[in-house]
Amino acid sequence: MQSPPDVMILCGGLGTRLRSVVSDRPKPMADVQGKPFLEILITHLIQQGIQRIVLCAGYMGEYIQAYFSSQPFAAEIEVVVEPFPLGTAGAIKYALPLIEGDSFIAINGDSFCSYQLNALRETHRLSNAAATIYATYVSDATRFGTLELAGEESIVKAFKEKGSSAAGWVNAGAYMLNKELFDGVPCFEVCSLEQDVFPNIAAGQLMAYLGQEPFIDIGTPDDYHRFKQH
């Protein structure tokens, strides 16, 4: 049986929109019923069979480092603190030496979905993709923008801009990625997955796994309070 992939969680953002209600800690560590949001996410990943997790910290990274070095978890957890904000792809490149295997899962540390990681991994394998985005359907995509998909295999053709209130498939903040995608990403330079990496993937090699699970981003006070009541 194949071992589970490593997971990299991107938790280095400044969290400026949430600062009015969470000011004493980094956004992914926001309290949810007595536990940090990031711990709830990690617990879900462990329940999915994940055994190795790399936390890509940045803003107030010492808070994340101190917490996860003092708590026991049923998975190996390593914390990497980026030297300055590197963007999503830049942070992945910086932490990539800690990832074992040819592919891995990356997850945004400020969003939650009941990710079915085995299904994401199988979709990625069967399609022979370079990257597979975990997508979910929302009735109002105003804050997220939508994915333009094509074909029965759900090839990602384009990312539509935020602003439309229409329903659609959105990026749920999780990806299955091949390591080789980051060969051309420069070290110590600010780079974005959506703006700098995904547009350079060969046609038909960027796929979507279509999940059905509810998705929430705790990036705003309203959504943070909504998740706490979830």
# chains A, B, ... in the order shown; residues from 1 in each chain; ligands from 1
$ closest_atom_pairs --of "segment 74-123 of chain A" --to "segment 45-69 of chain A" --cutoff "9 Å" --atoms "only C-alpha atoms" --output "Markdown table"
| residue | atom | partner | partner_atom | distance |
| --- | --- | --- | --- | --- |
| A:Ala74 | CA | A:Ile46 | CA | 7.0 |
| A:Ala75 | CA | A:Gln51 | CA | 4.5 |
| A:Glu76 | CA | A:Arg52 | CA | 4.7 |
| A:Ile77 | CA | A:Ile53 | CA | 4.8 |
| A:Glu78 | CA | A:Val54 | CA | 4.8 |
| A:Val79 | CA | A:Leu55 | CA | 4.7 |
| A:Val80 | CA | A:Cys56 | CA | 5.1 |
| A:Val81 | CA | A:Ala57 | CA | 4.6 |
| A:Glu82 | CA | A:Gly58 | CA | 5.3 |
| A:Pro83 | CA | A:Gly58 | CA | 7.4 |
| A:Phe84 | CA | A:Gly58 | CA | 6.9 |
| A:Pro85 | CA | A:Gly58 | CA | 6.6 |
| A:Leu86 | CA | A:Gly58 | CA | 8.8 |
| A:Ala91 | CA | A:Cys56 | CA | 6.5 |
| A:Ile92 | CA | A:Cys56 | CA | 7.4 |
| A:Tyr94 | CA | A:Cys56 | CA | 8.6 |
| A:Ala95 | CA | A:Cys56 | CA | 6.9 |
| A:Leu98 | CA | A:Val54 | CA | 7.4 |
| A:Ile99 | CA | A:Val54 | CA | 7.8 |
| A:Gly109 | CA | A:Leu55 | CA | 8.7 |
| A:Tyr115 | CA | A:Leu45 | CA | 8.1 |
| A:Gln116 | CA | A:Gln48 | CA | 7.4 |
| A:Leu117 | CA | A:Gln48 | CA | 6.8 |
| A:Asn118 | CA | A:Gln48 | CA | 7.7 |
$ residues_around --residues "Ala130 of chain A" --least-positions-apart "3" --cutoff "10 Å" --atoms "only C-alpha atoms" --output "ChimeraX atom specification"
/A:103,124-125,127,176-181,198,201-202,204-207
$ closest_atom_pairs --of "segment 30-114 of chain A" --to "segment 131-155 of chain A" --cutoff "12 Å" --atoms "only C-alpha atoms" --output "CSV"
residue,atom,partner,partner_atom,distance
A:Asp102,CA,A:Ala131,CA,12.0
A:Ser103,CA,A:Ala131,CA,9.2
A:Phe104,CA,A:Ala131,CA,9.8
A:Ile105,CA,A:Thr132,CA,9.4
A:Ala106,CA,A:Ile133,CA,9.7
A:Ile107,CA,A:Tyr134,CA,9.5
A:Asn108,CA,A:Tyr134,CA,11.3
A:Ser111,CA,A:Phe144,CA,11.8
A:Phe112,CA,A:Thr136,CA,11.4
A:Cys113,CA,A:Thr136,CA,8.8
A:Ser114,CA,A:Thr136,CA,10.5
$ write_last_selection --atoms "all heavy atoms" --output "JSON list (two decimals), in the first residue's frame"
[["chain", "number", "residue", "atom", "x", "y", "z"],
["A", 102, "ASP", "N", 7.63, 12.50, -4.75],
["A", 102, "ASP", "CA", 7.60, 13.33, -5.97],
["A", 102, "ASP", "C", 6.40, 14.26, -6.03],
["A", 102, "ASP", "O", 6.36, 15.17, -6.87],
["A", 102, "ASP", "CB", 7.59, 12.42, -7.21],
["A", 102, "ASP", "CG", 8.86, 11.61, -7.34],
["A", 102, "ASP", "OD1", 9.93, 12.11, -6.91],
["A", 102, "ASP", "OD2", 8.80, 10.48, -7.85],
["A", 103, "SER", "N", 5.40, 14.04, -5.18],
["A", 103, "SER", "CA", 4.23, 14.91, -5.15],
["A", 103, "SER", "C", 3.78, 15.07, -3.70],
["A", 103, "SER", "O", 4.13, 14.28, -2.83],
["A", 103, "SER", "CB", 3.09, 14.34, -6.01],
["A", 103, "SER", "OG", 2.70, 13.06, -5.56],
["A", 104, "PHE", "N", 3.00, 16.09, -3.46],
["A", 104, "PHE", "CA", 2.57, 16.41, -2.10],
["A", 104, "PHE", "C", 1.28, 17.21, -2.16],
["A", 104, "PHE", "O", 0.85, 17.66, -3.24],
["A", 104, "PHE", "CB", 3.66, 17.19, -1.36],
["A", 104, "PHE", "CG", 3.97, 18.54, -1.97],
["A", 104, "PHE", "CD1", 3.43, 19.71, -1.44],
["A", 104, "PHE", "CD2", 4.80, 18.64, -3.07],
["A", 104, "PHE", "CE1", 3.70, 20.94, -2.01],
["A", 104, "PHE", "CE2", 5.08, 19.87, -3.66],
["A", 104, "PHE", "CZ", 4.53, 21.02, -3.11],
["A", 105, "ILE", "N", 0.66, 17.41, -1.01],
["A", 105, "ILE", "CA", -0.55, 18.21, -0.92],
["A", 105, "ILE", "C", -0.21, 19.52, -0.23],
["A", 105, "ILE", "O", 0.49, 19.54, 0.78],
["A", 105, "ILE", "CB", -1.65, 17.47, -0.13],
["A", 105, "ILE", "CG1", -2.13, 16.25, -0.93],
["A", 105, "ILE", "CG2", -2.84, 18.39, 0.19],
["A", 105, "ILE", "CD1", -3.06, 15.33, -0.16],
["A", 106, "ALA", "N", -0.68, 20.63, -0.80],
["A", 106, "ALA", "CA", -0.55, 21.94, -0.16],
["A", 106, "ALA", "C", -1.94, 22.43, 0.20],
["A", 106, "ALA", "O", -2.89, 22.27, -0.58],
["A", 106, "ALA", "CB", 0.14, 22.93, -1.11],
["A", 107, "ILE", "N", -2.08, 23.03, 1.38],
["A", 107, "ILE", "CA", -3.38, 23.49, 1.87],
["A", 107, "ILE", "C", -3.22, 24.87, 2.47],
["A", 107, "ILE", "O", -2.26, 25.14, 3.21],
["A", 107, "ILE", "CB", -3.94, 22.51, 2.93],
["A", 107, "ILE", "CG1", -4.25, 21.16, 2.30],
["A", 107, "ILE", "CG2", -5.20, 23.08, 3.59],
["A", 107, "ILE", "CD1", -4.81, 20.13, 3.27],
["A", 108, "ASN", "N", -4.15, 25.75, 2.18],
["A", 108, "ASN", "CA", -4.16, 27.08, 2.79],
["A", 108, "ASN", "C", -4.52, 26.94, 4.28],
["A", 108, "ASN", "O", -5.50, 26.27, 4.62],
["A", 108, "ASN", "CB", -5.18, 27.98, 2.11],
["A", 108, "ASN", "CG", -4.79, 28.33, 0.68],
["A", 108, "ASN", "OD1", -3.62, 28.21, 0.31],
["A", 108, "ASN", "ND2", -5.74, 28.76, -0.11],
["A", 111, "SER", "N", -8.36, 28.27, 5.63],
["A", 111, "SER", "CA", -9.63, 27.79, 5.08],
["A", 111, "SER", "C", -9.86, 26.35, 5.50],
["A", 111, "SER", "O", -8.91, 25.63, 5.83],
["A", 111, "SER", "CB", -9.65, 27.91, 3.55],
["A", 111, "SER", "OG", -8.58, 27.21, 2.97],
["A", 112, "PHE", "N", -11.12, 25.95, 5.51],
["A", 112, "PHE", "CA", -11.45, 24.60, 5.94],
["A", 112, "PHE", "C", -12.53, 24.01, 5.05],
["A", 112, "PHE", "O", -13.52, 24.66, 4.72],
["A", 112, "PHE", "CB", -11.95, 24.57, 7.39],
["A", 112, "PHE", "CG", -12.13, 23.16, 7.91],
["A", 112, "PHE", "CD1", -11.07, 22.49, 8.50],
["A", 112, "PHE", "CD2", -13.34, 22.51, 7.78],
["A", 112, "PHE", "CE1", -11.22, 21.19, 8.96],
["A", 112, "PHE", "CE2", -13.51, 21.21, 8.25],
["A", 112, "PHE", "CZ", -12.44, 20.55, 8.84],
["A", 113, "CYS", "N", -12.29, 22.77, 4.67],
["A", 113, "CYS", "CA", -13.25, 21.97, 3.93],
["A", 113, "CYS", "C", -13.03, 20.54, 4.43],
["A", 113, "CYS", "O", -11.93, 20.21, 4.84],
["A", 113, "CYS", "CB", -12.96, 22.09, 2.43],
["A", 113, "CYS", "SG", -14.10, 21.24, 1.34],
["A", 114, "SER", "N", -14.05, 19.74, 4.46],
["A", 114, "SER", "CA", -13.87, 18.34, 4.89],
["A", 114, "SER", "C", -13.19, 17.57, 3.77],
["A", 114, "SER", "O", -13.79, 16.69, 3.14],
["A", 114, "SER", "CB", -15.21, 17.72, 5.28],
["A", 114, "SER", "OG", -15.75, 18.37, 6.39]]
$ closest_residue --among "A:Ala89, A:Val185, A:Cys11, A:Val156" --to "Ala129 of chain A" --atoms "only C-alpha atoms"
A:Val156
$ select_by_dssp --residues "segment 12-214 of chain A" --states "helix (DSSP H, G or I)" --output "PyMOL selection string"
chain A and resi 16-18+27-29+37-47+61-69+87-98+117-127+179-182+193-200
$ write_last_selection --atoms "C-alpha atoms" --output "PDB file, in the first residue's frame"
ATOM      1  CA  THR A  16      -4.954  42.019   8.125  1.00  0.00           C
ATOM      2  CA  ARG A  17      -8.715  41.635   7.500  1.00  0.00           C
ATOM      3  CA  LEU A  18      -9.078  39.584  10.685  1.00  0.00           C
ATOM      4  CA  LYS A  27      -4.634  34.211  11.728  1.00  0.00           C
ATOM      5  CA  PRO A  28      -4.374  30.378  11.457  1.00  0.00           C
ATOM      6  CA  MET A  29      -4.062  30.237  15.250  1.00  0.00           C
ATOM      7  CA  PHE A  37      -8.026  26.827  13.936  1.00  0.00           C
ATOM      8  CA  LEU A  38      -4.807  25.295  12.612  1.00  0.00           C
ATOM      9  CA  GLU A  39      -5.025  22.451  15.134  1.00  0.00           C
ATOM     10  CA  ILE A  40      -8.570  21.646  13.963  1.00  0.00           C
ATOM     11  CA  LEU A  41      -7.338  21.504  10.365  1.00  0.00           C
ATOM     12  CA  ILE A  42      -4.367  19.302  11.292  1.00  0.00           C
ATOM     13  CA  THR A  43      -6.597  16.934  13.277  1.00  0.00           C
ATOM     14  CA  HIS A  44      -8.788  16.499  10.195  1.00  0.00           C
ATOM     15  CA  LEU A  45      -5.716  15.740   8.063  1.00  0.00           C
ATOM     16  CA  ILE A  46      -4.487  13.140  10.543  1.00  0.00           C
ATOM     17  CA  GLN A  47      -7.937  11.519  10.478  1.00  0.00           C
ATOM     18  CA  GLY A  61       5.770  32.424  13.079  1.00  0.00           C
ATOM     19  CA  GLU A  62       7.354  31.969  16.498  1.00  0.00           C
ATOM     20  CA  TYR A  63       3.828  31.622  17.940  1.00  0.00           C
ATOM     21  CA  ILE A  64       3.113  28.682  15.618  1.00  0.00           C
ATOM     22  CA  GLN A  65       6.559  27.198  16.269  1.00  0.00           C
ATOM     23  CA  ALA A  66       6.157  27.358  20.046  1.00  0.00           C
ATOM     24  CA  TYR A  67       2.674  25.831  20.027  1.00  0.00           C
ATOM     25  CA  PHE A  68       3.364  22.866  17.774  1.00  0.00           C
ATOM     26  CA  SER A  69       6.676  22.029  19.429  1.00  0.00           C
ATOM     27  CA  GLY A  87       3.894  34.403  -1.530  1.00  0.00           C
ATOM     28  CA  THR A  88       2.287  30.983  -1.837  1.00  0.00           C
ATOM     29  CA  ALA A  89       4.681  29.519  -4.418  1.00  0.00           C
ATOM     30  CA  GLY A  90       7.701  31.191  -2.840  1.00  0.00           C
ATOM     31  CA  ALA A  91       6.839  29.725   0.558  1.00  0.00           C
ATOM     32  CA  ILE A  92       6.424  26.260  -0.953  1.00  0.00           C
ATOM     33  CA  LYS A  93       9.786  26.555  -2.718  1.00  0.00           C
ATOM     34  CA  TYR A  94      11.448  27.586   0.549  1.00  0.00           C
ATOM     35  CA  ALA A  95      10.041  24.572   2.454  1.00  0.00           C
ATOM     36  CA  LEU A  96      10.267  22.047  -0.395  1.00  0.00           C
ATOM     37  CA  PRO A  97      13.498  20.359   0.828  1.00  0.00           C
ATOM     38  CA  LEU A  98      11.487  18.947   3.747  1.00  0.00           C
ATOM     39  CA  LEU A 117      -7.626  13.653   0.368  1.00  0.00           C
ATOM     40  CA  ASN A 118      -7.587  10.080  -0.949  1.00  0.00           C
ATOM     41  CA  ALA A 119     -10.050  11.077  -3.667  1.00  0.00           C
ATOM     42  CA  LEU A 120      -7.942  14.135  -4.535  1.00  0.00           C
ATOM     43  CA  ARG A 121      -4.836  11.987  -4.740  1.00  0.00           C
ATOM     44  CA  GLU A 122      -6.523   9.347  -6.919  1.00  0.00           C
ATOM     45  CA  THR A 123      -7.903  11.979  -9.303  1.00  0.00           C
ATOM     46  CA  HIS A 124      -4.404  13.442  -9.618  1.00  0.00           C
ATOM     47  CA  ARG A 125      -2.867  10.027 -10.295  1.00  0.00           C
ATOM     48  CA  LEU A 126      -5.438   8.882 -12.851  1.00  0.00           C
ATOM     49  CA  SER A 127      -5.316  12.117 -14.832  1.00  0.00           C
ATOM     50  CA  LYS A 179       7.499  18.723  -6.987  1.00  0.00           C
ATOM     51  CA  GLU A 180       8.921  19.419 -10.435  1.00  0.00           C
ATOM     52  CA  LEU A 181       6.469  22.341 -10.831  1.00  0.00           C
ATOM     53  CA  PHE A 182       8.786  24.359  -8.622  1.00  0.00           C
ATOM     54  CA  LEU A 193       0.726  29.692  -7.256  1.00  0.00           C
ATOM     55  CA  GLU A 194      -2.218  31.151  -9.187  1.00  0.00           C
ATOM     56  CA  GLN A 195      -0.327  33.973 -10.908  1.00  0.00           C
ATOM     57  CA  ASP A 196       3.147  32.552 -11.510  1.00  0.00           C
ATOM     58  CA  VAL A 197       2.970  28.738 -11.429  1.00  0.00           C
ATOM     59  CA  PHE A 198      -0.442  27.573 -12.662  1.00  0.00           C
ATOM     60  CA  PRO A 199      -0.425  29.718 -15.866  1.00  0.00           C
ATOM     61  CA  ASN A 200       2.804  27.999 -16.953  1.00  0.00           C
TER      62      ASN A 200
END
$ select_by_dssp --residues "segment 30-192 of chain A" --states "strand (DSSP E)" --output "PyMOL selection string"
chain A and resi 31-32+35-36+52-57+76-81+103-108+111-113+131-138+147-150+155-159+168-178
$ write_last_selection --atoms "N, CA and C atoms" --output "short mmCIF file (atom, residue, chain, number, x, y, z; two decimals), in the first residue's frame"
data_model
loop_
_atom_site.label_atom_id
_atom_site.label_comp_id
_atom_site.auth_asym_id
_atom_site.auth_seq_id
_atom_site.Cartn_x
_atom_site.Cartn_y
_atom_site.Cartn_z
N ASP A 31 -8.63 31.39 17.79
CA ASP A 31 -9.28 30.45 18.70
C ASP A 31 -10.65 30.02 18.19
N VAL A 32 -10.86 28.72 18.20
CA VAL A 32 -12.17 28.15 17.86
C VAL A 32 -12.53 27.16 18.96
N LYS A 35 -9.49 25.88 20.87
CA LYS A 35 -8.37 25.32 20.11
C LYS A 35 -8.01 26.25 18.95
N PRO A 36 -6.75 26.29 18.55
CA PRO A 36 -6.39 27.06 17.36
C PRO A 36 -7.04 26.44 16.11
N ARG A 52 2.89 13.12 7.80
CA ARG A 52 3.93 14.15 7.85
C ARG A 52 3.35 15.48 7.38
N ILE A 53 3.55 16.53 8.18
CA ILE A 53 3.01 17.86 7.88
C ILE A 53 4.10 18.89 8.05
N VAL A 54 4.23 19.77 7.07
CA VAL A 54 5.16 20.89 7.15
C VAL A 54 4.34 22.18 7.21
N LEU A 55 4.56 22.97 8.24
CA LEU A 55 3.86 24.25 8.40
C LEU A 55 4.74 25.37 7.88
N CYS A 56 4.27 26.08 6.86
CA CYS A 56 5.02 27.21 6.30
C CYS A 56 4.54 28.48 7.00
N ALA A 57 5.24 28.89 8.04
CA ALA A 57 4.85 30.04 8.83
C ALA A 57 5.59 31.29 8.35
N GLU A 76 4.07 13.55 12.31
CA GLU A 76 5.29 14.35 12.40
C GLU A 76 5.00 15.75 11.87
N ILE A 77 5.28 16.76 12.67
CA ILE A 77 5.00 18.15 12.26
C ILE A 77 6.29 18.96 12.34
N GLU A 78 6.64 19.60 11.23
CA GLU A 78 7.79 20.49 11.20
C GLU A 78 7.32 21.89 10.84
N VAL A 79 7.94 22.89 11.46
CA VAL A 79 7.58 24.28 11.20
C VAL A 79 8.76 24.98 10.54
N VAL A 80 8.48 25.64 9.41
CA VAL A 80 9.48 26.43 8.71
C VAL A 80 8.99 27.87 8.71
N VAL A 81 9.83 28.82 9.12
CA VAL A 81 9.45 30.23 9.14
C VAL A 81 10.17 30.94 8.00
N SER A 103 5.40 14.04 -5.18
CA SER A 103 4.23 14.91 -5.15
C SER A 103 3.78 15.07 -3.70
N PHE A 104 3.00 16.09 -3.46
CA PHE A 104 2.57 16.41 -2.10
C PHE A 104 1.28 17.21 -2.16
N ILE A 105 0.66 17.41 -1.01
CA ILE A 105 -0.55 18.21 -0.92
C ILE A 105 -0.21 19.52 -0.23
N ALA A 106 -0.68 20.63 -0.80
CA ALA A 106 -0.55 21.94 -0.16
C ALA A 106 -1.94 22.43 0.20
N ILE A 107 -2.08 23.03 1.38
CA ILE A 107 -3.38 23.49 1.87
C ILE A 107 -3.22 24.87 2.47
N ASN A 108 -4.15 25.75 2.18
CA ASN A 108 -4.16 27.08 2.79
C ASN A 108 -4.52 26.94 4.28
N SER A 111 -8.36 28.27 5.63
CA SER A 111 -9.63 27.79 5.08
C SER A 111 -9.86 26.35 5.50
N PHE A 112 -11.12 25.95 5.51
CA PHE A 112 -11.45 24.60 5.94
C PHE A 112 -12.53 24.01 5.05
N CYS A 113 -12.29 22.77 4.67
CA CYS A 113 -13.25 21.97 3.93
C CYS A 113 -13.03 20.54 4.43
N ALA A 131 -0.78 19.30 -11.59
CA ALA A 131 -1.39 19.89 -10.40
C ALA A 131 -2.88 19.64 -10.44
N THR A 132 -3.47 19.35 -9.29
CA THR A 132 -4.91 19.15 -9.19
C THR A 132 -5.44 20.01 -8.06
N ILE A 133 -6.41 20.85 -8.38
CA ILE A 133 -7.00 21.76 -7.42
C ILE A 133 -8.24 21.12 -6.80
N TYR A 134 -8.37 21.21 -5.51
CA TYR A 134 -9.58 20.74 -4.83
C TYR A 134 -10.63 21.84 -4.99
N ALA A 135 -11.70 21.56 -5.71
CA ALA A 135 -12.74 22.55 -5.98
C ALA A 135 -14.02 22.16 -5.25
N THR A 136 -14.79 23.15 -4.89
CA THR A 136 -16.11 22.91 -4.30
C THR A 136 -17.08 23.94 -4.85
N TYR A 137 -18.36 23.60 -4.82
CA TYR A 137 -19.38 24.46 -5.45
C TYR A 137 -20.00 25.37 -4.39
N VAL A 138 -20.06 26.67 -4.70
CA VAL A 138 -20.67 27.63 -3.78
C VAL A 138 -21.76 28.41 -4.51
N LEU A 147 -13.59 28.83 -11.04
CA LEU A 147 -12.74 28.08 -11.97
C LEU A 147 -13.53 27.83 -13.25
N GLU A 148 -12.91 28.08 -14.37
CA GLU A 148 -13.52 27.73 -15.66
C GLU A 148 -13.03 26.33 -16.03
N LEU A 149 -13.96 25.39 -16.10
CA LEU A 149 -13.61 23.98 -16.31
C LEU A 149 -14.05 23.51 -17.68
N ALA A 150 -13.38 22.49 -18.18
CA ALA A 150 -13.72 21.94 -19.49
C ALA A 150 -13.60 20.43 -19.47
N ILE A 155 -10.75 19.70 -16.64
CA ILE A 155 -9.52 20.45 -16.88
C ILE A 155 -9.77 21.91 -16.52
N VAL A 156 -8.84 22.52 -15.78
CA VAL A 156 -8.97 23.93 -15.43
C VAL A 156 -8.46 24.77 -16.60
N LYS A 157 -9.37 25.54 -17.18
CA LYS A 157 -9.01 26.37 -18.34
C LYS A 157 -8.58 27.77 -17.92
N ALA A 158 -9.23 28.31 -16.87
CA ALA A 158 -8.92 29.68 -16.47
C ALA A 158 -9.45 29.94 -15.07
N PHE A 159 -8.92 31.00 -14.46
CA PHE A 159 -9.41 31.49 -13.18
C PHE A 159 -10.17 32.77 -13.44
N GLY A 168 -20.79 28.90 -8.59
CA GLY A 168 -19.78 28.27 -9.41
C GLY A 168 -18.80 27.45 -8.59
N TRP A 169 -17.89 26.80 -9.30
CA TRP A 169 -16.83 26.01 -8.66
C TRP A 169 -15.70 26.93 -8.26
N VAL A 170 -15.26 26.83 -7.00
CA VAL A 170 -14.18 27.68 -6.51
C VAL A 170 -13.04 26.83 -5.97
N ASN A 171 -11.89 27.42 -5.93
CA ASN A 171 -10.71 26.80 -5.33
C ASN A 171 -10.94 26.69 -3.83
N ALA A 172 -10.93 25.48 -3.29
CA ALA A 172 -11.19 25.26 -1.87
C ALA A 172 -9.92 25.28 -1.03
N GLY A 173 -8.82 25.74 -1.62
CA GLY A 173 -7.61 25.95 -0.83
C GLY A 173 -6.76 24.72 -0.60
N ALA A 174 -6.90 23.69 -1.43
CA ALA A 174 -6.05 22.50 -1.32
C ALA A 174 -5.62 22.06 -2.71
N TYR A 175 -4.41 21.54 -2.81
CA TYR A 175 -3.85 21.18 -4.12
C TYR A 175 -2.99 19.93 -3.98
N MET A 176 -3.02 19.08 -5.00
CA MET A 176 -2.04 18.01 -5.14
C MET A 176 -1.06 18.49 -6.19
N LEU A 177 0.22 18.56 -5.83
CA LEU A 177 1.22 19.19 -6.69
C LEU A 177 2.42 18.28 -6.90
N ASN A 178 2.92 18.27 -8.13
CA ASN A 178 4.17 17.57 -8.41
C ASN A 178 5.34 18.49 -8.05
#
